[in-house]
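Here the structure is laid out as structure tokens; the discussion comes afterwards.
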Amino acid sequence: QVIKDLSREKAILLNAKEIELGSIDNARQLIRELTRLLADTMRHCVAIGFAKSPDGGPPPSVGSDEAERAAAACDDGGVPADEDLDRAANPVDIGCAAEEWAREVLLAASRTVIEGDVYAICHRILTGPPEVLLCPSLDAGKAETIEIFVAPHGLVTIESETHYRVVHMLDDQGIASPEEWAKVHARCIEHISLAPRLVADLDERNIRSVRLEFEP
């Protein structure tokens, strides 16, 4: 289902790079690119998290000066190869984990999932009496491009925008007459943290937020 949803998109932004979709083959290519990016990011997180501090103490926290020095010391721009990681300290199979994360990220970025959740929130907040309806925007066919950004420290951000209309159905002598009350722009932002499963001292959780803007 994820591949089918992706193939219906014109494009997606992955770390600010526009990747053309519109077909099953292009969707699979996106999955491969995302999997590689996530694997590199996970190696980076593990290298930072399990690097020893100069005094032999516990691993530095992601984002600390010690962590950044550890990442900078890794080959290939802070991304060590799998065989260079301490398997005793890191039982994670990077390749398999990256494939699983890619599926989870793309499922979260699926327009079916996003718009279903956003619609449920907007409907609960904005509708009340039976004659007040939440309707698709008249420009619903011009969907905004979904954006995925994978940060080096393991935080994945998914952003999308959906548009609706709040419509009041007037009863004009027995004939329903719609009156548009407002246009609604719903910006959905989801954060998925890769690091907690890789670095034990982190306690970040997945968070999804929706920001609503109104236009008369």
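The chains in the structure tokens are called A, B, ... from first to last as shown; in each chain the residues are counted from 1, and the ligands are counted from 1 in the order shown.
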
Test item: residues at most 10 Å from Leu13 (chain A), only C-alpha atoms, excluding those fewer than 5 positions along its chain, as number ranges by chain: A: 18-20, 145-149, 158-159

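Each of A:Glu99, A:Glu33, A:Asp40, A:Glu144 was checked against Arg111 (chain A) using only C-alpha atoms; the smallest atom-to-atom distance is that of A:Glu144.
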
Using only C-alpha atoms, find each residue of region 90-121 of chain A with at least one atom at most 12 Å away from an atom of region 174-189 of chain A; report its shortest atom-to-atom pair and that distance in Å (one decimal), sort the rows by chain and rising residue number, and return the result as JSON lines.
```
{"residue": "A:Ala108", "atom": "CA", "partner": "A:Ile189", "partner_atom": "CA", "distance": 10.5}
{"residue": "A:Ala109", "atom": "CA", "partner": "A:Ile189", "partner_atom": "CA", "distance": 9.9}
{"residue": "A:Arg111", "atom": "CA", "partner": "A:Cys188", "partner_atom": "CA", "distance": 10.9}
{"residue": "A:Val113", "atom": "CA", "partner": "A:Cys188", "partner_atom": "CA", "distance": 11.3}
{"residue": "A:Ile114", "atom": "CA", "partner": "A:Cys188", "partner_atom": "CA", "distance": 7.6}
{"residue": "A:Glu115", "atom": "CA", "partner": "A:Cys188", "partner_atom": "CA", "distance": 9.0}
{"residue": "A:Gly116", "atom": "CA", "partner": "A:Cys188", "partner_atom": "CA", "distance": 11.4}
{"residue": "A:Asp117", "atom": "CA", "partner": "A:Cys188", "partner_atom": "CA", "distance": 9.4}
{"residue": "A:Val118", "atom": "CA", "partner": "A:Cys188", "partner_atom": "CA", "distance": 7.3}
{"residue": "A:Tyr119", "atom": "CA", "partner": "A:Ala186", "partner_atom": "CA", "distance": 9.1}
{"residue": "A:Ala120", "atom": "CA", "partner": "A:Ala186", "partner_atom": "CA", "distance": 11.7}
{"residue": "A:Ile121", "atom": "CA", "partner": "A:Ala186", "partner_atom": "CA", "distance": 9.9}
```

Residues of the last selection are to be written out with N, CA, C and O atoms, as a compact mmCIF listing (two decimals), in the first residue's frame.
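For reference, out_6.txt as written:
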```
# COMPACT_ATOMS: atom_id res chain seq x y z
N ALA A 108 4.40 6.67 7.67
CA ALA A 108 4.02 7.91 8.35
C ALA A 108 3.84 9.06 7.36
O ALA A 108 3.05 9.98 7.59
N ALA A 109 4.59 9.01 6.24
CA ALA A 109 4.54 10.07 5.23
C ALA A 109 3.46 9.81 4.18
O ALA A 109 3.27 10.63 3.28
N ARG A 111 0.15 9.88 2.29
CA ARG A 111 -0.93 10.86 2.31
C ARG A 111 -2.22 10.24 2.87
O ARG A 111 -3.02 10.92 3.52
N VAL A 113 -2.42 8.14 5.36
CA VAL A 113 -2.31 8.20 6.82
C VAL A 113 -2.40 9.64 7.30
O VAL A 113 -3.17 9.98 8.21
N ILE A 114 -1.62 10.53 6.68
CA ILE A 114 -1.57 11.92 7.13
C ILE A 114 -2.93 12.59 7.01
O ILE A 114 -3.45 13.17 7.97
N GLU A 115 -3.54 12.51 5.83
CA GLU A 115 -4.79 13.23 5.61
C GLU A 115 -5.92 12.62 6.42
O GLU A 115 -6.84 13.34 6.84
N GLY A 116 -5.88 11.31 6.66
CA GLY A 116 -6.89 10.70 7.51
C GLY A 116 -6.83 11.25 8.92
O GLY A 116 -7.85 11.63 9.51
N ASP A 117 -5.61 11.34 9.47
CA ASP A 117 -5.44 11.85 10.84
C ASP A 117 -5.78 13.34 10.92
O ASP A 117 -6.44 13.79 11.86
N VAL A 118 -5.30 14.12 9.94
CA VAL A 118 -5.54 15.56 9.96
C VAL A 118 -7.03 15.86 9.79
O VAL A 118 -7.58 16.73 10.48
N TYR A 119 -7.69 15.12 8.92
CA TYR A 119 -9.13 15.34 8.72
C TYR A 119 -9.89 15.06 10.02
O TYR A 119 -10.80 15.81 10.40
N ALA A 120 -9.52 13.97 10.71
CA ALA A 120 -10.21 13.63 11.96
C ALA A 120 -10.05 14.75 12.99
O ALA A 120 -11.01 15.10 13.69
N ILE A 121 -8.85 15.33 13.08
CA ILE A 121 -8.61 16.43 14.02
C ILE A 121 -9.42 17.66 13.63
O ILE A 121 -10.11 18.27 14.46
```

Looking only at the backbone, which of the residues in region 89-204 of chain A does DSSP tag as helix (DSSP H, G or I), as a PyMOL selection string? chain A and resi 94-108+111-126+195-197

Check the smallest atom-to-atom distance from each of A:Leu37, A:Ala97, A:Leu138, A:Leu107 to Leu6 (chain A) using only C-alpha atoms, then report the winner. A:Leu107

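In this comparison, which uses only C-alpha atoms, the residue of A:Ser137, A:Asn15, A:Thr157, A:Thr112 approaching Ser193 (chain A) most closely is A:Thr157.
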
Counting only C-alpha atoms, which of A:Leu155, A:Ala16, A:Ile125, A:Leu106 gets nearest to Thr41 (chain A)? A:Leu155

What is the distance, in Å and to one decimal place, between CA of Arg36 (chain A) and CA of Val2 (chain A)? 18.0 Å
